[in-house]
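Asks: Input: one structure, supplied below.
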There are 4 protein chains.
Amino acid sequence: MHFASDNSGPIHPEVLATLAEANQGYEMAYGADTLMNEVRDRIRGIFEAPGAAVYLVATGTAANALALATLSKPWETVFCSPVAHIHEDECNAPEFYTGAKLTLVPGGDKMTPNALRGAIEGEETRGVHGPQRGPVSITQVTERGSVYSLDELQALCGVAKEFNLPVHMDGARFANALVALNCSPAQMTWKAGVDAVSFGGTKNGLMGVEAVVFFDESKAWEFELRRKRGAHLFSKHRYLSAQFAAYLRDDLWLRSARMANANCARLADGLRAVGADFLYEPQANMIFASFPRRVHRNLHRAGAVYHLWGSALEGTDEEEMLACRLVCDWSITEDQIDQFLALL
Amino acid sequence: MHFASDNSGPIHPEVLATLAEANQGYEMAYGADTLMNEVRDRIRGIFEAPGAAVYLVATGTAANALALATLSKPWETVFCSPVAHIHEDECNAPEFYTGAKLTLVPGGDKMTPNALRGAIEGEETRGVHGPQRGPVSITQVTERGSVYSLDELQALCGVAKEFNLPVHMDGARFANALVALNCSPAQMTWKAGVDAVSFGGTKNGLMGVEAVVFFDESKAWEFELRRKRGAHLFSKHRYLSAQFAAYLRDDLWLRSARMANANCARLADGLRAVGADFLYEPQANMIFASFPRRVHRNLHRAGAVYHLWGSALEGTDEEEMLACRLVCDWSITEDQIDQFLALL
Amino acid sequence: MHFASDNSGPIHPEVLATLAEANQGYEMAYGADTLMNEVRDRIRGIFEAPGAAVYLVATGTAANALALATLSKPWETVFCSPVAHIHEDECNAPEFYTGAKLTLVPGGDKMTPNALRGAIEGEETRGVHGPQRGPVSITQVTERGSVYSLDELQALCGVAKEFNLPVHMDGARFANALVALNCSPAQMTWKAGVDAVSFGGTKNGLMGVEAVVFFDESKAWEFELRRKRGAHLFSKHRYLSAQFAAYLRDDLWLRSARMANANCARLADGLRAVGADFLYEPQANMIFASFPRRVHRNLHRAGAVYHLWGSALEGTDEEEMLACRLVCDWSITEDQIDQFLALL
Amino acid sequence: MHFASDNSGPIHPEVLATLAEANQGYEMAYGADTLMNEVRDRIRGIFEAPGAAVYLVATGTAANALALATLSKPWETVFCSPVAHIHEDECNAPEFYTGAKLTLVPGGDKMTPNALRGAIEGEETRGVHGPQRGPVSITQVTERGSVYSLDELQALCGVAKEFNLPVHMDGARFANALVALNCSPAQMTWKAGVDAVSFGGTKNGLMGVEAVVFFDESKAWEFELRRKRGAHLFSKHRYLSAQFAAYLRDDLWLRSARMANANCARLADGLRAVGADFLYEPQANMIFASFPRRVHRNLHRAGAVYHLWGSALEGTDEEEMLACRLVCDWSITEDQIDQFLALL
């Protein structure tokens with residue numbers, strides 16, 4: 001009953017198998033391995049983007065920070081949600097890599113086109129004095145488990161394009177969003193107006209690999225230099241490639257995401273049945289819900305693991321509603337979910 | 001017959017086995033995994049340093065850049081060899097992370113105490129105008145396959161201490177040096193005067209893990225923040241821990257290094273027997289040697305893989321001596337070495 | 001009738017005279033000039049801070065960015081008002097110099113202790129993942145012409161001290177605030193809990209000099225190195241010193257600030273008399289007021305110079321109220337003010 | 001008898017007069033002042049470069065660091081002399097602003113085309129691993145008082161152009177070089193292949209102003225943003241403009257440089273007459289010479305001020321030759337020089 005994070009689960013057995021398979025003899029270092037060719041080709045195929053520049057790094061923060069650095073200038077500002085991972089959870093890595101600052105688009109978890117337009121219009125109004133307008137960064141799945149629809153993505157990208165600003169997608173949970181929308185990777189990215197995407201693997205069954213995809217090939221060399229300068233180029237790169245190759249072979253990435261989302265839906269249904277309050281409508285593999293302190297106590301006592309959300313278990317009011325975050329990955333079993341629900 | 005780099009070989013089967021073993025159920029993220037406790041304890045034990053701060057990162061450049069950033073200030077200069085990896089092969093990562101610059105100690109591959117003292121005395125002579133003196137970085141094994149003796153290390157660290165400067169050791173091939181010297185990790189580091197070490201694993205049979213060890217615990221929290229800000233903190237950290245745990249269990253790190261050095265010695269003996277010139281006396285697992293162009297041609301034709309060193313195979317003078325670099329890792333077989341030697 | 005900015009006016013004749021006086025013979029460079037000794041001594045005296053570290057730089061942005069960099073770490077966040085100059089008008093200079101980010105304290109122009117406490121509590125809640133809490137920066141006079149009372153300053157600093165955070169004061173209009181409060185420099189700074197102040201001269205009659213004062217002397221050397229590394233150390237420093245010496249001699253700084261505030265009060269009274277709306281209550285030398293488009297047209301036609309505030313003169317509704325900013329410096333004459341008022 | 005530095009002398013009376021003249025009424029801030037138009041036009045005229053981008057900053061280090069940052073990328077290296085001011089005397093400012101590193105061209109004070117070519121060829125040989133080749137920075141007058149001839153400049157720039165690298169000229173003593181060569185500004189810059197120049201004023205009679213000139217206008221906006229982000233944009237910019245306007249009016253810059261060089265020649269002649277050794281042949285306004293300790297003692301006792309160069313006055317051997325640096329500016333009188341010579 002482990003719902004703390006999709007960072008806590010094991011890697012998929014097929015990934016381990018591909019690592020073992022890749023572990024034969026010598027191989028070119030630093031990304032010149034043959035598995036990387038496979039990964040690049042597959043990603044270009046999946047995204048219907050034959051000229052895309054494709055790179056692997058080991059952490060989501062590296063993917064985001066390097067992608068944004070490549071899309072921006074140090075005197076610009078990046079537009080994002082106030083709860084974006086790049087703002088809240090990367091300890092200034094985006095600022096370190098870009099030299100730029102972040103402008104928080106007012107509102108909640110999801111940015112609206114109007115709020116984004118307002119934020120953009122509010123910058124670059126004072127000549128050289130204020131920061132210049134830079135990239136827009138969209139998180140898909142959002143930090144609160146919501147999924148932007150294709151219409152919403154197009155509208156946000158459309159606003160960015162009005163101002164000639166590039167768009168970055170933080171897709172740490174890219175696959176979960178994709179299967180939720182039941183659309184193609186191209187539809188969710190460049191066809192909607194996205195210029196670069198952090199295409200996550202770590203939260204969906206890999207050990208630690210994220211692909212960075214630029215639809216504009218001209219960014220390729222700069223990215224390579226930034227990756228090396230950031231100390232994110234692996235010498236034994238084949239082991240990153242092997243993970244991502246496994247991820248893409250036989251649609252493992254989609255199978256795992258569907259499993260995670262289905263697990264989440266089963267959990268959400270159960271919570272709904274017992275009358276839990278949802279802070280956000282669960283659309284992918286995360287649930288933000290509230291139930292009474294006594295229920296949390298039972299769950300903790302029974303060994304359930306998850307984060308309270310801005311609440312503390314300590315307290316005497318047993319009926320007080322406490323919010324929590326529940327994350328499902330591909331590996332959780334229906335039994336565990338049912339066991340959890342039974343405790344409610 | 002692959003002698004291009006110790007970055008090109010496979011990982012040790014025991015490492016793969018430990019990864020598989022670690023891949024069970026849920027585990028705390030971001031370094032709070034139980035295997036990390038094992039790694040920390042073992043490293044403290046191995047180094048006879050019960051209070052050492054121990055961290056894992058995935059690349060050698062990250063280990064060096066983050067360690068140096070933690071030891072320096074942006075207005076300082078780092079003293080190193082003109083052929084140091086941090087100067088030649090990290091695409092400004094040390095400058096990016098430290099904000100400081102590098103002062104190249106005149107001379108060759110190995111720094112001498114006098115040259116180091118001269119370089120240090122040459123800085124911080126102009127008040128605020130020049131950079132201030134910062135850490136000394138020593139590469140052990142050096143970039144040219146040499147090993148500093150304990151006396152040499154103590155003398156270099158002694159010079160640093162005269163000026164109250166911290167000492168960093170780039171130990172990408174730490175194990176190879178250690179078995180060459182047949183000394184203890186403590187002797188080769190803090191007992192000699194080293195303050196922080198990049199303790200390499202990647203070149204010695206891991207997929208991609210380096211430990212950073214600070215003998216002064218007070219650097220710990222700053223390092224953790226720098227690691228996260230640099231995007232080098234792994235969420236599924238247990239897979240870094242598992243690699244390093246395997247590395248330390250049953251002395252795999254020493255066994256592999258001994259194997260690599262023995263392979264290198266066998267190769268060097270064979271080269272010596274056929275009259276090859278050595279640019280540097282091989283002391284660990286790297287050889288820099290010269291032999292005639294026609295011999296290189298034969299070797300290439302037969303499938304041997306290695307780097308020419310500042311030379312080009314193209315040319316018509318068949319007897320011209322061309323330098324090359326030959327690196328041995330743990331995985332090369334005696335048969336391959338003998339096959340290579342037979343071609344000479 | 002020039003009310004655009006206190007950056008637009010001339011320098012005070014006494015400043016020019018002191019520059020001429022300083023222009024005799026040779027003088028030590030880089031801050032070792034004798035006039036700097038006078039400036040340091042006077043500032044220490046004025047602030048009742050015999051051990052204060054005192055430096056001169058040429059721009060307010062340099063004063064703020066260097067002071068904040070000295071008080072913070074690159075993994076921290078600086079707390080400030082959403083309309084702070086460091087956020088809106090310095091083109092990422094604070095981020096460039098500090099490496100840190102800014103957290104905007106929700107609310108308006110002036111920070112309240114509760115809002116500040118909430119903002120501080122909202123950071124450093126996620127271990128290494130989010131930025132760590134860094135300095136609080138208070139602007140006095142605020143960007144909207146308000147002045148924090150001593151009680152308000154003490155309350156804000158008190159909140160910072162609860163969390164052991166240093167406090168910086170952006171005093172680009174320090175003198176205007178001081179004469180508005182009719183208190184001592186010590187009361188408005190270290191006695192209230194301020195650790196470092198950008199003590200402005202440029203907007204109050206100098207060509208371009210700001211003093212940076214640290215009440216904790218231990219920051220001195222780091223600041224000197226940061227100033228040089230930022231390219232803000234003047235070789236012919238005596239000409240910065242001469243300006244600030246003139247500023248402090250015979251209380252020129254206070255005389256000029258009193259003049260500017262008096263000019264502003266005269267203007268505000270006149271505006272009030274004709275029923276103008278004030279967006280903020282004028283407390284120092286800036287007015288934010290609204291009056292009908294037709295009045296603005298008259299003023300512009302008559303040669304008055306000032307900024308409309310988020311409004312545009314173009315438009316057809318002659319009665320529409322348009323906001324503007326009016327700034328008074330020491331040099332404007334009562335005649336000009338009366339002429340302006342007569343046009344209303 | 002003050003020969004310590006051309007940073008120690010007074011400003012020219014014509015500069016002070018122009019400052020006073022500029023100090024009338026209100027003026028647009030931040031470089032929009034009318035005097036800046038005059039400066040820009042004159043510089044374009046003087047350089048025969050009608051499209052040049054022209055900016056003013058207050059320190060030479062700012063001019064160099066900002067110009068180099070505009071010409072380079074953070075993963076590049078800047079080629080310069082081992083004694084270049086940007087390497088030795090700017091406390092890492094170039095590294096701070098560019099993010100790049102410096103490659104020291106082997107040899108002495110002056111770079112030779114062959115040494116430069118060798119240094120360039122030595123970089124960018126390892127793909128992404130090493131830094132990429134960046135701008136070449138030439139100091140004219142050099143740090144040791146030498147002047148590159150037009151042929152030498154063309155040859156150096158020619159090497160840079162072979163590799164498509166931009167060329168920066170650190171012209172802190174631009175005017176002294178120009179009058180020594182008796183050529184035109186265009187000949188010494190863009191006609192020789194220079195792309196950007198730090199055109200110094202401070203060492204030649206101004207308080208603190210350097211012009212940065214880009215012959216490629218497309219760099220203009222980036223420079224403006226970098227200047228602001230570096231906190232080097234002056235609000236009361238007219239006082240920078242006024243200094244430089246005075247500098248250019250009636251050829252004050254050339255008159256002052258001719259005076260300084262003539263003073264230096266007179267001093268050199270006198271030294272030569274008494275048999276002093278010259279470390280470098282004096283070509284502009286700096287002399288590096290050796291004479292016995294007892295002579296230095298006499299000079300110091302008589303009040304002469306200058307720097308010993310790597311030597312110390314302390315010592316007992318009265319006949320030991322000690323090196324010193326003697327710098328002449330425009331303001332020194334023939335009497336002072338003769339008085340100095342009389343003491344030899």
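As shown in the structure tokens, the chain order sets the letters A, B, ...; within each chain, residues go from 1, and ligands are also counted from 1 in the order they appear.
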List the spatial neighbours of region 240-242 of chain C as a list of chain:residue names - criterion: any atom at most 7 Å away, only C-alpha atoms, same-chain residues fewer than 4 positions off excluded.

Replies: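 Surrounding residues, per the criterion: C:Thr18, C:Leu19, C:Ala22, C:Leu35, C:Met36, C:Val39, C:Leu56, C:Val209, C:Ala246.
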
Asks: Show me a table, sorted first by chain and then by increasing residue number, of the residues of chain B having an atom at most 7 Å from chain A, each with its shortest atom pair and the distance in Å to one decimal, counting only C-alpha atoms and written as CSV.

Replies:
residue,atom,partner,partner_atom,distance
B:His2,CA,A:Tyr26,CA,6.9
B:Asn7,CA,A:Lys236,CA,5.8
B:Ser8,CA,A:Glu27,CA,5.2
B:Gly9,CA,A:Tyr26,CA,4.7
B:Pro10,CA,A:Asn23,CA,5.2
B:Ile11,CA,A:Asn23,CA,6.5
B:Asn23,CA,A:Pro10,CA,5.2
B:Gln24,CA,A:Pro10,CA,6.1
B:Gly25,CA,A:Pro10,CA,5.7
B:Tyr26,CA,A:Gly9,CA,4.7
B:Glu27,CA,A:Ser8,CA,5.2
B:Met28,CA,A:Ser8,CA,5.9
B:Ala29,CA,A:Ser8,CA,5.8
B:Thr59,CA,A:Phe234,CA,6.3
B:Thr61,CA,A:Ala231,CA,5.2
B:Ala62,CA,A:Ala231,CA,5.0
B:Glu90,CA,A:Arg229,CA,6.4
B:Cys91,CA,A:Arg229,CA,5.0
B:Asn92,CA,A:Arg229,CA,5.6
B:Ala93,CA,A:Arg229,CA,4.4
B:Met207,CA,A:Lys236,CA,6.2
B:Gly208,CA,A:Lys236,CA,6.6
B:Lys228,CA,A:Cys91,CA,6.3
B:Arg229,CA,A:Ala93,CA,4.4
B:Gly230,CA,A:Ala93,CA,5.8
B:Ala231,CA,A:Ala62,CA,5.0
B:Phe234,CA,A:Thr59,CA,6.3
B:Ser235,CA,A:Asn7,CA,5.9
B:Lys236,CA,A:Asn7,CA,5.8
B:Tyr239,CA,A:Met207,CA,6.6

Asks: Return as a ChimeraX atom specification the full set of residues in region 232-289 of chain C whose backbone-based DSSP assignment is strand (DSSP E or B).

Replies: /C:277-278,286-289

Asks: Where does DSSP see helix (DSSP H, G or I) in region 163-329 of chain B, if you list the residues as a ChimeraX atom specification?

Replies: /B:174-181,185-188,202-204,217-229,238-273,293-301

Asks: Would you kindly return, as a PyMOL selection string, each protein, DNA or RNA residue with an atom no farther than 12 Å from any atom of Gly275 (chain D), considering only C-alpha atoms and excluding same-chain residues fewer than 5 positions away?

Replies: chain D and resi 268-270+289-292+321+341+344

Asks: Take the selection from the previous step and output its residues with N, CA and C atoms, as a CSV table (one decimal), in the first residue's frame.

Replies:
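So selection_13.csv came out as:
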chain,number,residue,atom,x,y,z
D,268,ALA,N,61.9,58.2,-20.7
D,268,ALA,CA,62.6,57.0,-21.2
D,268,ALA,C,64.0,57.5,-21.7
D,269,ASP,N,64.0,58.7,-22.4
D,269,ASP,CA,65.2,59.2,-22.9
D,269,ASP,C,66.2,59.5,-21.7
D,270,GLY,N,65.6,60.1,-20.7
D,270,GLY,CA,66.5,60.4,-19.5
D,270,GLY,C,67.0,59.1,-18.9
D,289,ALA,N,61.6,49.3,-16.3
D,289,ALA,CA,63.0,49.5,-16.3
D,289,ALA,C,63.6,49.1,-15.0
D,290,SER,N,64.9,48.8,-15.0
D,290,SER,CA,65.7,48.4,-13.8
D,290,SER,C,66.8,49.4,-13.5
D,291,PHE,N,66.9,49.7,-12.2
D,291,PHE,CA,68.1,50.4,-11.8
D,291,PHE,C,68.4,50.1,-10.3
D,292,PRO,N,69.6,50.4,-9.9
D,292,PRO,CA,70.0,49.9,-8.6
D,292,PRO,C,69.1,50.3,-7.4
D,321,MET,N,70.0,45.4,-9.1
D,321,MET,CA,69.0,46.0,-10.0
D,321,MET,C,67.6,45.6,-9.7
D,341,LEU,N,64.4,62.6,-13.0
D,341,LEU,CA,65.6,62.2,-13.7
D,341,LEU,C,66.9,62.7,-13.0
D,344,LEU,N,68.2,60.4,-10.4
D,344,LEU,CA,68.8,59.1,-10.8
D,344,LEU,C,70.3,59.1,-10.6

Asks: Closest to Phe79 (chain C) among C:Val167, C:Ile46, C:Val147, C:Val141, using only C-alpha atoms?

Replies: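 Among the listed residues, C:Val167 lies closest to Phe79 (chain C).
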
Asks: Between CA of Asp277 (chain B) and CA of Thr139 (chain B), what is the spacing in Å?

Replies: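 Between these atoms lies a distance of 24.1 Å.
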
Asks: Please indicate the distance in Å from CA of Arg293 (chain A) to CA of Ala312 (chain A), rounded to one decimal place.

Replies: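 Atom-to-atom, CA of Arg293 (chain A) to CA of Ala312 (chain A), that is 9.2 Å.
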
Asks: So which residues touch Leu102 (chain C) within 12 Å, counting only C-alpha atoms, skipping near sequence neighbours fewer than 5 positions away, as a PDB file with C-alpha atoms, in the first residue's frame?

Replies:
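Final file, out.pdb:
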ATOM      1  CA  HIS A  87       9.438  26.627  -9.445  1.00  0.00           C
ATOM      2  CA  ASN A  92      16.847  26.957  -8.273  1.00  0.00           C
ATOM      3  CA  GLU A  95      17.619  29.675 -12.584  1.00  0.00           C
ATOM      4  CA  ALA A 100      16.708  33.712 -16.206  1.00  0.00           C
ATOM      5  CA  LYS A 101      13.911  34.105 -13.715  1.00  0.00           C
ATOM      6  CA  LEU A 102      10.432  32.601 -13.468  1.00  0.00           C
ATOM      7  CA  THR A 103       7.175  34.517 -13.726  1.00  0.00           C
ATOM      8  CA  LEU A 104       4.332  32.741 -11.977  1.00  0.00           C
TER       9      LEU A 104
ATOM     10  CA  ALA C  65      22.530  43.049  -6.254  1.00  0.00           C
ATOM     11  CA  LEU C  68      21.967  40.666  -1.613  1.00  0.00           C
ATOM     12  CA  SER C  72      22.559  35.042   0.442  1.00  0.00           C
ATOM     13  CA  PRO C  74      22.662  30.540  -4.614  1.00  0.00           C
ATOM     14  CA  TRP C  75      20.166  27.974  -3.363  1.00  0.00           C
ATOM     15  CA  GLU C  76      18.130  30.497  -1.391  1.00  0.00           C
ATOM     16  CA  THR C  77      15.246  32.787  -2.185  1.00  0.00           C
ATOM     17  CA  VAL C  78      14.983  36.496  -1.403  1.00  0.00           C
ATOM     18  CA  PHE C  79      11.691  37.758   0.002  1.00  0.00           C
ATOM     19  CA  CYS C  80      10.430  41.058  -1.394  1.00  0.00           C
ATOM     20  CA  SER C  81       7.387  43.006  -2.476  1.00  0.00           C
ATOM     21  CA  PRO C  82       5.840  42.103  -5.846  1.00  0.00           C
ATOM     22  CA  VAL C  83       6.610  45.643  -7.003  1.00  0.00           C
ATOM     23  CA  ALA C  84      10.153  45.771  -5.617  1.00  0.00           C
ATOM     24  CA  HIS C  85      12.746  47.363  -7.863  1.00  0.00           C
ATOM     25  CA  ILE C  86      14.887  44.235  -7.506  1.00  0.00           C
ATOM     26  CA  HIS C  87      12.052  42.233  -9.040  1.00  0.00           C
ATOM     27  CA  GLU C  88      10.632  44.577 -11.633  1.00  0.00           C
ATOM     28  CA  ASN C  92      17.598  39.811 -13.506  1.00  0.00           C
ATOM     29  CA  ALA C  93      20.630  41.509 -11.946  1.00  0.00           C
ATOM     30  CA  PRO C  94      19.751  40.186  -8.462  1.00  0.00           C
ATOM     31  CA  GLU C  95      19.431  36.662  -9.854  1.00  0.00           C
ATOM     32  CA  PHE C  96      22.698  37.105 -11.782  1.00  0.00           C
ATOM     33  CA  ALA C 119       5.779  33.636   2.457  1.00  0.00           C
ATOM     34  CA  ILE C 120       8.727  32.540   4.580  1.00  0.00           C
ATOM     35  CA  GLU C 123       9.470  28.046   1.572  1.00  0.00           C
ATOM     36  CA  PRO C 131      14.919  26.886  -2.413  1.00  0.00           C
ATOM     37  CA  GLN C 132      16.043  27.660   1.110  1.00  0.00           C
ATOM     38  CA  ARG C 133      14.931  30.800   2.918  1.00  0.00           C
ATOM     39  CA  GLY C 134      17.179  33.752   2.254  1.00  0.00           C
ATOM     40  CA  PRO C 135      17.295  37.485   2.970  1.00  0.00           C
ATOM     41  CA  VAL C 136      14.309  39.785   3.255  1.00  0.00           C
ATOM     42  CA  SER C 137      14.592  42.929   1.145  1.00  0.00           C
TER      43      SER C 137
END

Asks: Name the residues in contact with Asn114 (chain B) at a cut-off of 9 Å, using only C-alpha atoms, excluding same-chain residues fewer than 4 positions from it; report them as a PyMOL selection string.

Replies: chain B and resi 118-119+156+159

Asks: Using the selection just defined, write its residues with N, CA and C atoms as a PDB file, in the first residue's frame.

Replies:
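Saved the output as result-v3.pdb:
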ATOM      1  N   GLY B 118      54.888  27.639  -6.595  1.00  0.00           N
ATOM      2  CA  GLY B 118      55.075  28.806  -7.462  1.00  0.00           C
ATOM      3  C   GLY B 118      53.756  29.322  -8.009  1.00  0.00           C
ATOM      4  N   ALA B 119      52.911  28.401  -8.423  1.00  0.00           N
ATOM      5  CA  ALA B 119      51.613  28.815  -8.979  1.00  0.00           C
ATOM      6  C   ALA B 119      50.765  29.495  -7.910  1.00  0.00           C
ATOM      7  N   LEU B 156      52.424  17.566  -1.928  1.00  0.00           N
ATOM      8  CA  LEU B 156      51.490  18.498  -2.588  1.00  0.00           C
ATOM      9  C   LEU B 156      50.477  19.049  -1.585  1.00  0.00           C
ATOM     10  N   VAL B 159      52.009  21.645   0.633  1.00  0.00           N
ATOM     11  CA  VAL B 159      52.069  22.975   0.031  1.00  0.00           C
ATOM     12  C   VAL B 159      50.706  23.662   0.148  1.00  0.00           C
TER      13      VAL B 159
END

Asks: So that I can see what lies close to region 189-196 of chain B, please list as a PyMOL selection string the residues with an atom at most 9 Å from it, counting only C-alpha atoms and leaving out residues fewer than 6 positions away in the same chain.

Replies: chain B and resi 47+49+67-68+71+150-151+153-158+160-161+166-170+212-216

Asks: For a test of reading the model, state the distance in Å between CA of His296 (chain A) and CA of Cys324 (chain A), rounded to one decimal.

Replies: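 Those two atoms sit 9.0 Å apart.
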
Asks: For Ser146 (chain C), list every protein, DNA or RNA residue within 12 Å, evaluated using only C-alpha atoms, and leave out those in the same chain fewer than 2 positions away; present the list as a ChimeraX atom specification.

Replies: /C:108-111,138-144,148-149,152,173-174,176-178,180-181,261,279-288
